[in-house]
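As provided, target-v8.cif (mmCIF, C-alpha atoms) reads as follows.
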data_entry
#
loop_
_atom_site.group_PDB
_atom_site.id
_atom_site.type_symbol
_atom_site.label_atom_id
_atom_site.label_comp_id
_atom_site.auth_asym_id
_atom_site.auth_seq_id
_atom_site.Cartn_x
_atom_site.Cartn_y
_atom_site.Cartn_z
ATOM 1 C CA MET A 1 85.194 52.989 50.782
ATOM 2 C CA THR A 2 84.106 54.621 47.533
ATOM 3 C CA SER A 3 80.555 55.566 46.643
ATOM 4 C CA PHE A 4 78.554 56.375 43.576
ATOM 5 C CA ASP A 5 77.639 59.900 42.580
ATOM 6 C CA SER A 6 73.920 59.241 42.302
ATOM 7 C CA ALA A 7 73.462 62.364 40.191
ATOM 8 C CA LYS A 8 76.008 61.343 37.572
ATOM 9 C CA ASP A 9 76.805 57.643 37.722
ATOM 10 C CA LEU A 10 74.814 55.089 35.733
ATOM 11 C CA ALA A 11 75.140 51.294 35.885
ATOM 12 C CA LEU A 12 74.382 49.230 32.790
ATOM 13 C CA VAL A 13 73.298 45.663 33.515
ATOM 14 C CA ALA A 14 73.539 43.142 30.677
ATOM 15 C CA GLY A 15 71.566 39.948 31.175
ATOM 16 C CA ALA A 16 69.255 41.852 33.532
ATOM 17 C CA THR A 17 66.242 39.591 33.037
ATOM 18 C CA GLY A 18 68.163 36.457 34.030
ATOM 19 C CA GLY A 19 68.363 35.015 37.534
ATOM 20 C CA VAL A 20 71.475 36.833 38.778
ATOM 21 C CA GLY A 21 70.818 39.880 36.603
ATOM 22 C CA GLN A 22 67.382 40.547 38.107
ATOM 23 C CA LEU A 23 68.852 40.455 41.588
ATOM 24 C CA VAL A 24 71.726 42.747 40.591
ATOM 25 C CA VAL A 25 69.222 45.322 39.334
ATOM 26 C CA GLY A 26 67.300 45.071 42.601
ATOM 27 C CA LYS A 27 70.455 45.517 44.696
ATOM 28 C CA LEU A 28 71.561 48.557 42.674
ATOM 29 C CA LEU A 29 68.164 50.183 43.080
ATOM 30 C CA LEU A 30 68.174 49.503 46.810
ATOM 31 C CA LYS A 31 71.379 51.525 46.999
ATOM 32 C CA GLY A 32 69.728 54.396 45.183
ATOM 33 C CA LEU A 33 71.711 54.003 41.985
ATOM 34 C CA LYS A 34 70.536 54.760 38.478
ATOM 35 C CA VAL A 35 70.238 51.633 36.355
ATOM 36 C CA ARG A 36 69.944 50.979 32.642
ATOM 37 C CA VAL A 37 69.238 47.438 31.493
ATOM 38 C CA LEU A 38 70.460 46.044 28.186
ATOM 39 C CA THR A 39 67.868 43.653 26.827
ATOM 40 C CA ARG A 40 66.653 42.025 23.650
ATOM 41 C CA ASN A 41 63.071 42.108 24.926
ATOM 42 C CA ALA A 42 61.942 45.579 26.006
ATOM 43 C CA ALA A 43 58.407 44.427 26.870
ATOM 44 C CA LYS A 44 59.724 41.761 29.236
ATOM 45 C CA ALA A 45 62.047 44.244 30.941
ATOM 46 C CA GLU A 46 59.315 46.868 31.266
ATOM 47 C CA GLU A 47 56.981 44.367 32.916
ATOM 48 C CA MET A 48 59.703 43.075 35.221
ATOM 49 C CA PHE A 49 61.173 46.380 36.397
ATOM 50 C CA ASN A 50 58.050 48.550 36.394
ATOM 51 C CA GLN A 51 59.597 51.757 34.979
ATOM 52 C CA LYS A 52 62.239 51.954 37.723
ATOM 53 C CA VAL A 53 65.083 51.526 35.233
ATOM 54 C CA GLU A 54 66.107 52.846 31.842
ATOM 55 C CA ILE A 55 65.767 50.291 29.052
ATOM 56 C CA ALA A 56 68.178 49.974 26.148
ATOM 57 C CA VAL A 57 67.385 47.448 23.447
ATOM 58 C CA GLY A 58 70.516 45.656 22.305
ATOM 59 C CA ASP A 59 72.178 42.290 21.830
ATOM 60 C CA ILE A 60 75.748 41.556 22.884
ATOM 61 C CA ARG A 61 75.993 39.208 19.890
ATOM 62 C CA GLN A 62 75.394 42.170 17.557
ATOM 63 C CA PRO A 63 78.056 44.871 18.074
ATOM 64 C CA ALA A 64 76.155 47.528 16.123
ATOM 65 C CA THR A 65 73.359 47.505 18.724
ATOM 66 C CA LEU A 66 75.629 48.349 21.665
ATOM 67 C CA PRO A 67 77.042 51.897 21.292
ATOM 68 C CA ALA A 68 73.643 53.563 21.724
ATOM 69 C CA ALA A 69 73.265 51.868 25.118
ATOM 70 C CA MET A 70 76.558 53.271 26.421
ATOM 71 C CA THR A 71 75.728 56.978 26.659
ATOM 72 C CA GLY A 72 76.487 58.164 30.176
ATOM 73 C CA VAL A 73 77.366 54.684 31.473
ATOM 74 C CA THR A 74 79.965 54.634 34.257
ATOM 75 C CA HIS A 75 79.707 50.978 35.398
ATOM 76 C CA ILE A 76 78.861 47.749 33.562
ATOM 77 C CA ILE A 77 77.764 44.512 35.208
ATOM 78 C CA ASN A 78 77.576 41.641 32.747
ATOM 79 C CA CYS A 79 75.358 38.781 33.920
ATOM 80 C CA THR A 80 74.703 37.249 30.506
ATOM 81 C CA GLY A 81 74.952 33.512 30.015
ATOM 82 C CA THR A 82 73.403 30.422 28.521
ATOM 83 C CA THR A 83 73.231 26.751 29.438
ATOM 84 C CA ALA A 84 76.468 24.761 29.648
ATOM 85 C CA PHE A 85 74.930 21.945 27.615
ATOM 86 C CA PRO A 86 72.898 22.187 24.383
ATOM 87 C CA SER A 87 69.265 23.096 24.975
ATOM 88 C CA ALA A 88 66.492 25.151 23.430
ATOM 89 C CA ARG A 89 68.183 28.211 24.944
ATOM 90 C CA TRP A 90 71.014 27.749 22.477
ATOM 91 C CA GLU A 91 68.584 28.959 19.786
ATOM 92 C CA PHE A 92 69.320 26.456 17.054
ATOM 93 C CA ASP A 93 68.320 27.554 13.550
ATOM 94 C CA GLN A 94 66.097 24.502 13.476
ATOM 95 C CA SER A 95 65.197 22.206 16.343
ATOM 96 C CA PRO A 96 67.529 19.194 16.084
ATOM 97 C CA ASN A 97 65.937 15.805 15.535
ATOM 98 C CA LEU A 98 67.024 12.728 17.472
ATOM 99 C CA ILE A 99 69.834 11.889 15.059
ATOM 100 C CA GLU A 100 71.107 15.470 15.074
ATOM 101 C CA TRP A 101 71.019 15.566 18.883
ATOM 102 C CA GLY A 102 73.122 12.405 18.860
ATOM 103 C CA ILE A 103 75.659 13.994 16.538
ATOM 104 C CA ILE A 104 75.797 17.107 18.729
ATOM 105 C CA PHE A 105 76.547 15.110 21.875
ATOM 106 C CA LEU A 106 79.108 12.913 20.115
ATOM 107 C CA ASN A 107 80.760 15.901 18.463
ATOM 108 C CA PRO A 108 80.281 18.955 20.714
ATOM 109 C CA LYS A 109 81.943 21.383 18.286
ATOM 110 C CA SER A 110 79.309 20.610 15.660
ATOM 111 C CA SER A 111 76.708 22.408 17.774
ATOM 112 C CA GLU A 112 78.460 25.779 17.802
ATOM 113 C CA ALA A 113 77.969 26.477 14.119
ATOM 114 C CA LYS A 114 74.258 25.670 14.336
ATOM 115 C CA ALA A 115 73.431 27.616 17.522
ATOM 116 C CA LYS A 116 72.940 31.367 17.933
ATOM 117 C CA ASN A 117 73.131 31.359 21.713
ATOM 118 C CA SER A 118 75.943 28.942 22.561
ATOM 119 C CA PRO A 119 78.605 29.727 25.202
ATOM 120 C CA ALA A 120 81.002 30.664 22.404
ATOM 121 C CA LYS A 121 78.529 33.244 21.093
ATOM 122 C CA ILE A 122 77.612 34.637 24.539
ATOM 123 C CA ASP A 123 80.537 34.180 26.927
ATOM 124 C CA ALA A 124 83.340 34.716 24.426
ATOM 125 C CA GLU A 125 82.151 36.779 21.439
ATOM 126 C CA GLY A 126 79.392 38.592 23.306
ATOM 127 C CA VAL A 127 81.598 39.654 26.190
ATOM 128 C CA SER A 128 84.277 40.804 23.767
ATOM 129 C CA ASN A 129 81.681 42.889 21.912
ATOM 130 C CA LEU A 130 80.487 44.495 25.143
ATOM 131 C CA VAL A 131 84.058 45.295 26.182
ATOM 132 C CA ALA A 132 84.765 46.898 22.795
ATOM 133 C CA ALA A 133 81.677 49.111 23.126
ATOM 134 C CA ALA A 134 82.368 50.164 26.739
ATOM 135 C CA PRO A 135 83.260 53.818 27.408
ATOM 136 C CA GLN A 136 86.990 54.315 27.831
ATOM 137 C CA ASN A 137 86.404 56.216 31.074
ATOM 138 C CA LEU A 138 84.408 53.337 32.580
ATOM 139 C CA LYS A 139 84.855 53.062 36.341
ATOM 140 C CA ARG A 140 84.331 49.291 36.558
ATOM 141 C CA PHE A 141 83.418 46.312 34.377
ATOM 142 C CA VAL A 142 82.035 43.383 36.400
ATOM 143 C CA PHE A 143 81.706 39.959 34.779
ATOM 144 C CA VAL A 144 79.978 36.887 36.194
ATOM 145 C CA SER A 145 82.181 33.973 35.131
ATOM 146 C CA SER A 146 82.533 30.549 36.781
ATOM 147 C CA CYS A 147 84.668 28.526 39.143
ATOM 148 C CA GLY A 148 86.754 25.938 37.320
ATOM 149 C CA ILE A 149 88.287 28.171 34.643
ATOM 150 C CA LEU A 150 91.784 27.057 35.667
ATOM 151 C CA ARG A 151 90.701 23.486 36.428
ATOM 152 C CA LYS A 152 88.991 22.598 33.159
ATOM 153 C CA ASN A 153 90.789 19.278 32.902
ATOM 154 C CA GLN A 154 89.857 18.202 36.431
ATOM 155 C CA PHE A 155 86.643 16.483 37.511
ATOM 156 C CA PRO A 156 83.894 17.735 37.772
ATOM 157 C CA PHE A 157 84.853 20.773 35.710
ATOM 158 C CA SER A 158 85.917 18.600 32.787
ATOM 159 C CA ILE A 159 82.285 17.441 32.555
ATOM 160 C CA LEU A 160 80.939 20.989 32.890
ATOM 161 C CA ASN A 161 83.253 22.063 30.072
ATOM 162 C CA GLY A 162 82.103 19.274 27.753
ATOM 163 C CA PHE A 163 80.606 21.811 25.341
ATOM 164 C CA GLY A 164 83.159 24.553 25.986
ATOM 165 C CA VAL A 165 81.412 26.802 28.499
ATOM 166 C CA LEU A 166 84.553 27.270 30.619
ATOM 167 C CA ASP A 167 86.680 27.778 27.505
ATOM 168 C CA ALA A 168 84.280 30.514 26.399
ATOM 169 C CA LYS A 169 84.156 32.194 29.808
ATOM 170 C CA GLN A 170 87.944 32.206 29.947
ATOM 171 C CA LYS A 171 88.063 33.972 26.576
ATOM 172 C CA GLY A 172 85.552 36.475 27.914
ATOM 173 C CA GLU A 173 87.718 37.052 30.983
ATOM 174 C CA GLU A 174 90.786 37.558 28.806
ATOM 175 C CA SER A 175 89.051 40.166 26.652
ATOM 176 C CA ILE A 176 88.167 42.123 29.791
ATOM 177 C CA ILE A 177 91.614 41.845 31.372
ATOM 178 C CA ASN A 178 93.383 42.827 28.140
ATOM 179 C CA SER A 179 91.085 45.813 27.531
ATOM 180 C CA GLY A 180 92.776 48.057 30.067
ATOM 181 C CA LEU A 181 89.418 48.799 31.720
ATOM 182 C CA PRO A 182 89.080 48.546 35.505
ATOM 183 C CA TYR A 183 87.365 45.226 36.166
ATOM 184 C CA THR A 184 86.205 42.740 38.757
ATOM 185 C CA ILE A 185 85.541 39.144 37.723
ATOM 186 C CA ILE A 186 83.265 37.061 39.933
ATOM 187 C CA ARG A 187 83.562 33.274 39.586
ATOM 188 C CA PRO A 188 80.648 31.641 41.424
ATOM 189 C CA GLY A 189 80.312 27.980 42.232
ATOM 190 C CA ARG A 190 77.225 26.005 41.177
ATOM 191 C CA LEU A 191 74.368 28.489 41.274
ATOM 192 C CA ILE A 192 71.520 27.871 43.714
ATOM 193 C CA ASP A 193 68.546 29.970 44.937
ATOM 194 C CA GLY A 194 66.210 31.329 42.328
ATOM 195 C CA PRO A 195 66.323 31.844 39.410
ATOM 196 C CA TYR A 196 63.455 34.275 40.167
ATOM 197 C CA THR A 197 62.537 34.435 36.507
ATOM 198 C CA SER A 198 58.876 35.049 37.336
ATOM 199 C CA TYR A 199 59.426 37.591 40.125
ATOM 200 C CA ASP A 200 58.453 41.236 39.883
ATOM 201 C CA LEU A 201 60.689 44.006 41.139
ATOM 202 C CA ASN A 202 59.012 44.384 44.532
ATOM 203 C CA THR A 203 59.707 40.718 45.254
ATOM 204 C CA LEU A 204 63.306 41.037 44.075
ATOM 205 C CA LEU A 205 63.947 43.946 46.402
ATOM 206 C CA LYS A 206 62.959 41.753 49.337
ATOM 207 C CA ALA A 207 64.828 38.645 48.181
ATOM 208 C CA LYS A 208 66.970 37.004 50.850
ATOM 209 C CA THR A 209 68.824 33.745 50.790
ATOM 210 C CA GLY A 210 67.178 31.038 52.839
ATOM 211 C CA GLY A 211 70.519 29.265 53.153
ATOM 212 C CA LYS A 212 72.370 28.834 56.413
ATOM 213 C CA TYR A 213 75.861 29.075 54.958
ATOM 214 C CA GLY A 214 78.252 31.983 54.981
ATOM 215 C CA VAL A 215 80.013 33.587 52.035
ATOM 216 C CA VAL A 216 83.573 32.558 51.227
ATOM 217 C CA ILE A 217 85.667 34.518 48.754
ATOM 218 C CA GLY A 218 88.942 33.248 47.335
ATOM 219 C CA THR A 219 91.383 33.684 44.464
ATOM 220 C CA GLY A 220 93.401 31.350 42.280
ATOM 221 C CA ASP A 221 90.409 29.148 41.361
ATOM 222 C CA THR A 222 90.728 26.862 44.366
ATOM 223 C CA LEU A 223 87.172 26.960 45.747
ATOM 224 C CA SER A 224 84.344 24.560 44.937
ATOM 225 C CA GLY A 225 80.744 24.328 46.053
ATOM 226 C CA ASP A 226 77.377 26.009 45.713
ATOM 227 C CA ALA A 227 76.838 29.751 45.410
ATOM 228 C CA SER A 228 73.537 31.491 46.086
ATOM 229 C CA ARG A 229 72.448 33.706 43.218
ATOM 230 C CA ILE A 230 71.522 36.274 45.852
ATOM 231 C CA ASP A 231 75.064 36.312 47.236
ATOM 232 C CA VAL A 232 76.558 36.388 43.732
ATOM 233 C CA ALA A 233 74.401 39.413 42.907
ATOM 234 C CA ASN A 234 75.459 41.043 46.168
ATOM 235 C CA ALA A 235 79.116 40.426 45.303
ATOM 236 C CA CYS A 236 78.639 42.042 41.872
ATOM 237 C CA VAL A 237 77.237 45.192 43.450
ATOM 238 C CA GLU A 238 79.279 45.384 46.648
ATOM 239 C CA CYS A 239 82.594 45.057 44.792
ATOM 240 C CA LEU A 240 81.873 48.395 43.118
ATOM 241 C CA PHE A 241 82.236 50.094 46.496
ATOM 242 C CA GLN A 242 85.551 48.407 47.330
ATOM 243 C CA PRO A 243 88.672 49.916 45.711
ATOM 244 C CA SER A 244 90.612 46.794 46.708
ATOM 245 C CA SER A 245 88.464 44.670 44.381
ATOM 246 C CA SER A 246 89.519 46.494 41.213
ATOM 247 C CA ARG A 247 91.481 44.455 38.651
ATOM 248 C CA LYS A 248 90.931 41.278 40.642
ATOM 249 C CA ILE A 249 89.282 37.894 40.108
ATOM 250 C CA PHE A 250 87.336 36.304 42.949
ATOM 251 C CA GLU A 251 85.665 32.942 43.488
ATOM 252 C CA VAL A 252 82.448 33.019 45.534
ATOM 253 C CA VAL A 253 80.868 30.019 47.273
ATOM 254 C CA ASN A 254 78.653 29.444 50.288
ATOM 255 C CA GLN A 255 80.299 27.560 53.139
ATOM 256 C CA GLY A 256 80.413 27.600 56.928
ATOM 257 C CA ARG A 257 78.016 29.211 59.347
ATOM 258 C CA ARG A 258 76.246 32.304 58.076
ATOM 259 C CA PRO A 259 76.720 35.426 60.219
ATOM 260 C CA PRO A 260 73.818 37.813 60.838
ATOM 261 C CA VAL A 261 75.365 40.305 58.395
ATOM 262 C CA ILE A 262 77.759 39.628 55.517
ATOM 263 C CA ASP A 263 80.723 42.032 55.803
ATOM 264 C CA TRP A 264 81.598 42.529 52.151
ATOM 265 C CA GLU A 265 84.276 45.124 52.861
ATOM 266 C CA THR A 266 86.199 42.667 54.999
ATOM 267 C CA LEU A 267 85.656 39.818 52.531
ATOM 268 C CA PHE A 268 87.066 41.791 49.588
ATOM 269 C CA SER A 269 89.829 43.592 51.467
ATOM 270 C CA GLY A 270 91.071 40.354 53.012
ATOM 271 C CA ILE A 271 92.074 38.940 49.618
ATOM 272 C CA GLU A 272 95.454 39.879 48.178
#

Write the structure described by the file as structure tokens, please.
Amino acid sequence: MTSFDSAKDLALVAGATGGVGQLVVGKLLLKGLKVRVLTRNAAKAEEMFNQKVEIAVGDIRQPATLPAAMTGVTHIINCTGTTAFPSARWEFDQSPNLIEWGIIFLNPKSSEAKAKNSPAKIDAEGVSNLVAAAPQNLKRFVFVSSCGILRKNQFPFSILNGFGVLDAKQKGEESIINSGLPYTIIRPGRLIDGPYTSYDLNTLLKAKTGGKYGVVIGTGDTLSGDASRIDVANACVECLFQPSSSRKIFEVVNQGRRPPVIDWETLFSGIE
């Protein structure tokens, strides 16, 4: 098992104020690791993390804002994302009226040009921008993707991909894989637990899944089901300590009886 050099290593978390991202920050801090969060809203991050992390203001959609956040970074965990279907989170230039919403749903591609925060902007372009800005000596780039990438034409993933979220995540994955950087891609099932968007750091550090199901890890995009945000966050952090997880893609879902302790080393090392 590898470990961090707590005096030198620094993990950058993108999407740190989101559901999975908040939990990732909490898990990293519990392990005594130094954390820098990349955020568009410094005030929100300061309130949430209570001066226990470094804060870098930047936007993965704007490449020029990223290099300053990379100084000293040895690990990147990218938890950014948006909704799979058009919503206010897509940040339209102007709020669509009823007719425009109808056009968007009848012609999904028409929404991309009008939205600043669509999957294409975040999961494809944004991830590519973050990869391009990453230090060349990076020890690991972790990306939270999604189950269904290889099953986009199959139900229910064909519905999920109605506005291109799986297409965008696949492009993001490809930019990481083709970069030459060491990486681990985590493809969770349908996210449950949380999203903890109103929790403070002390609450996050104590967060535990109330579910009764175990963690199942697979490859080849064959798994389906729910995935606890808490377990997804754990996977993002625990994979950093497992050499066998480097340059691999894993699906994560919750199934079966939950053991008293999740053995992440065995879960990751048991996948070829």

Please determine, counting all atoms listed in the file, which residue among A:Glu174, A:Glu46, A:Asp231, A:Asp123 has the shortest atom-to-atom distance to A:Arg61. A:Asp123

Would you please work out which residue, of A:Val142, A:Val261, A:Ala120, A:Val20, is nearest to A:Asp193 when using all atoms listed in the file? A:Val20

Selection in question (the file shown): the PyMOL selection byres ((chain A and resi 39) around 10). Which residues does it include, as a VMD selection string? chain A and resid 13 to 17 36 to 38 40 to 45 55 to 60 69

For the atom pair atom CA of A:Gly214 and atom CA of A:Gln255, what is the interatomic distance in Å to one decimal place?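 Calculated distance between atom CA of A:Gly214 and atom CA of A:Gln255 is 5.2 Å.
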
Expand the PyMOL selection byres ((chain A and resi 168) around 9) into the explicit residue set it covers here, and present it as a PyMOL selection string. chain A and resi 119-125+164-167+169-173

Work out how far apart atom CA of A:Ile249 and atom CA of A:Asp226 are and give it in Å to one decimal. 17.7 Å

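Reported to one decimal place, the separation of atom CA of A:Gly218 from atom CA of A:Arg258 is 16.7 Å.
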
Go through the shown structure with the PyMOL selection byres ((chain A and resi 244) around 10) and write out the matching residues as a PDB file with C-alpha atoms, keeping the file's coordinate frame.
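Output contents, as saved in selection.pdb:
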ATOM      1  CA  MET A   1      85.194  52.989  50.782  1.00  0.00           C
ATOM      2  CA  THR A 184      86.205  42.740  38.757  1.00  0.00           C
ATOM      3  CA  CYS A 239      82.594  45.057  44.792  1.00  0.00           C
ATOM      4  CA  LEU A 240      81.873  48.395  43.118  1.00  0.00           C
ATOM      5  CA  PHE A 241      82.236  50.094  46.496  1.00  0.00           C
ATOM      6  CA  GLN A 242      85.551  48.407  47.330  1.00  0.00           C
ATOM      7  CA  PRO A 243      88.672  49.916  45.711  1.00  0.00           C
ATOM      8  CA  SER A 245      88.464  44.670  44.381  1.00  0.00           C
ATOM      9  CA  SER A 246      89.519  46.494  41.213  1.00  0.00           C
ATOM     10  CA  ARG A 247      91.481  44.455  38.651  1.00  0.00           C
ATOM     11  CA  LYS A 248      90.931  41.278  40.642  1.00  0.00           C
ATOM     12  CA  GLU A 265      84.276  45.124  52.861  1.00  0.00           C
ATOM     13  CA  PHE A 268      87.066  41.791  49.588  1.00  0.00           C
ATOM     14  CA  SER A 269      89.829  43.592  51.467  1.00  0.00           C
ATOM     15  CA  GLY A 270      91.071  40.354  53.012  1.00  0.00           C
ATOM     16  CA  ILE A 271      92.074  38.940  49.618  1.00  0.00           C
ATOM     17  CA  GLU A 272      95.454  39.879  48.178  1.00  0.00           C
TER      18      GLU A 272
END

Surrounding residues of A:Ile77 excluding itself and chain neighbours under 2 positions, 9 Å, all atoms listed in the file, as a PyMOL selection string: chain A and resi 11-15+21+24+75+79+140-144+236-237

A:Arg257, A:Lys152, A:Lys8, A:Arg229: which is nearest A:Thr71, counting all atoms listed in the file?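 With all atoms listed in the file as the atom set, the closest residue is A:Lys8.
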
Taking into account all atoms listed in the file, which residue in the set A:Leu10, A:Leu66, A:Ala115, A:Ala134 is nearest to A:Thr82? A:Ala115

When you look at A:Asp221 with a cut-off of 9 Å (counting only C-alpha atoms), what residues show up, excluding the ones that are within fewer than 6 positions of it in the same chain? I need them as a PyMOL selection string. chain A and resi 147-151+187+249-251

Let me make sure I understand: among A:Lys139, A:Ser118, A:Ala84, A:Lys52, which one has the smallest atom-to-atom distance to A:Asp9 if we use all atoms listed in the file? A:Lys139

When you get a chance, write out N, CA and C atoms for stretch 129-143 of chain A, as a JSON list (two decimals), in the coordinates of the input.
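Writing done, so here's result.json:
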[["chain", "number", "residue", "atom", "x", "y", "z"],
["A", 129, "ASN", "N", 82.41, 41.80, 22.55],
["A", 129, "ASN", "CA", 81.68, 42.89, 21.91],
["A", 129, "ASN", "C", 81.31, 43.97, 22.93],
["A", 130, "LEU", "N", 80.88, 43.54, 24.11],
["A", 130, "LEU", "CA", 80.49, 44.50, 25.14],
["A", 130, "LEU", "C", 81.70, 45.29, 25.63],
["A", 131, "VAL", "N", 82.82, 44.62, 25.78],
["A", 131, "VAL", "CA", 84.06, 45.30, 26.18],
["A", 131, "VAL", "C", 84.46, 46.34, 25.14],
["A", 132, "ALA", "N", 84.37, 45.98, 23.87],
["A", 132, "ALA", "CA", 84.76, 46.90, 22.80],
["A", 132, "ALA", "C", 83.88, 48.14, 22.76],
["A", 133, "ALA", "N", 82.62, 47.99, 23.16],
["A", 133, "ALA", "CA", 81.68, 49.11, 23.13],
["A", 133, "ALA", "C", 81.72, 49.96, 24.39],
["A", 134, "ALA", "N", 82.37, 49.47, 25.45],
["A", 134, "ALA", "CA", 82.37, 50.16, 26.74],
["A", 134, "ALA", "C", 83.07, 51.51, 26.65],
["A", 135, "PRO", "N", 82.58, 52.52, 27.37],
["A", 135, "PRO", "CA", 83.26, 53.82, 27.41],
["A", 135, "PRO", "C", 84.68, 53.67, 27.95],
["A", 136, "GLN", "N", 85.60, 54.42, 27.40],
["A", 136, "GLN", "CA", 86.99, 54.32, 27.83],
["A", 136, "GLN", "C", 87.21, 54.85, 29.25],
["A", 137, "ASN", "N", 86.29, 55.69, 29.71],
["A", 137, "ASN", "CA", 86.40, 56.22, 31.07],
["A", 137, "ASN", "C", 85.56, 55.42, 32.07],
["A", 138, "LEU", "N", 85.21, 54.20, 31.71],
["A", 138, "LEU", "CA", 84.41, 53.34, 32.58],
["A", 138, "LEU", "C", 85.09, 53.16, 33.93],
["A", 139, "LYS", "N", 84.30, 53.21, 35.00],
["A", 139, "LYS", "CA", 84.86, 53.06, 36.34],
["A", 139, "LYS", "C", 85.02, 51.61, 36.76],
["A", 140, "ARG", "N", 84.18, 50.72, 36.23],
["A", 140, "ARG", "CA", 84.33, 49.29, 36.56],
["A", 140, "ARG", "C", 83.52, 48.44, 35.59],
["A", 141, "PHE", "N", 84.10, 47.33, 35.17],
["A", 141, "PHE", "CA", 83.42, 46.31, 34.38],
["A", 141, "PHE", "C", 83.39, 45.04, 35.22],
["A", 142, "VAL", "N", 82.19, 44.59, 35.58],
["A", 142, "VAL", "CA", 82.04, 43.38, 36.40],
["A", 142, "VAL", "C", 81.49, 42.27, 35.51],
["A", 143, "PHE", "N", 82.10, 41.10, 35.61],
["A", 143, "PHE", "CA", 81.71, 39.96, 34.78],
["A", 143, "PHE", "C", 81.45, 38.75, 35.66]]
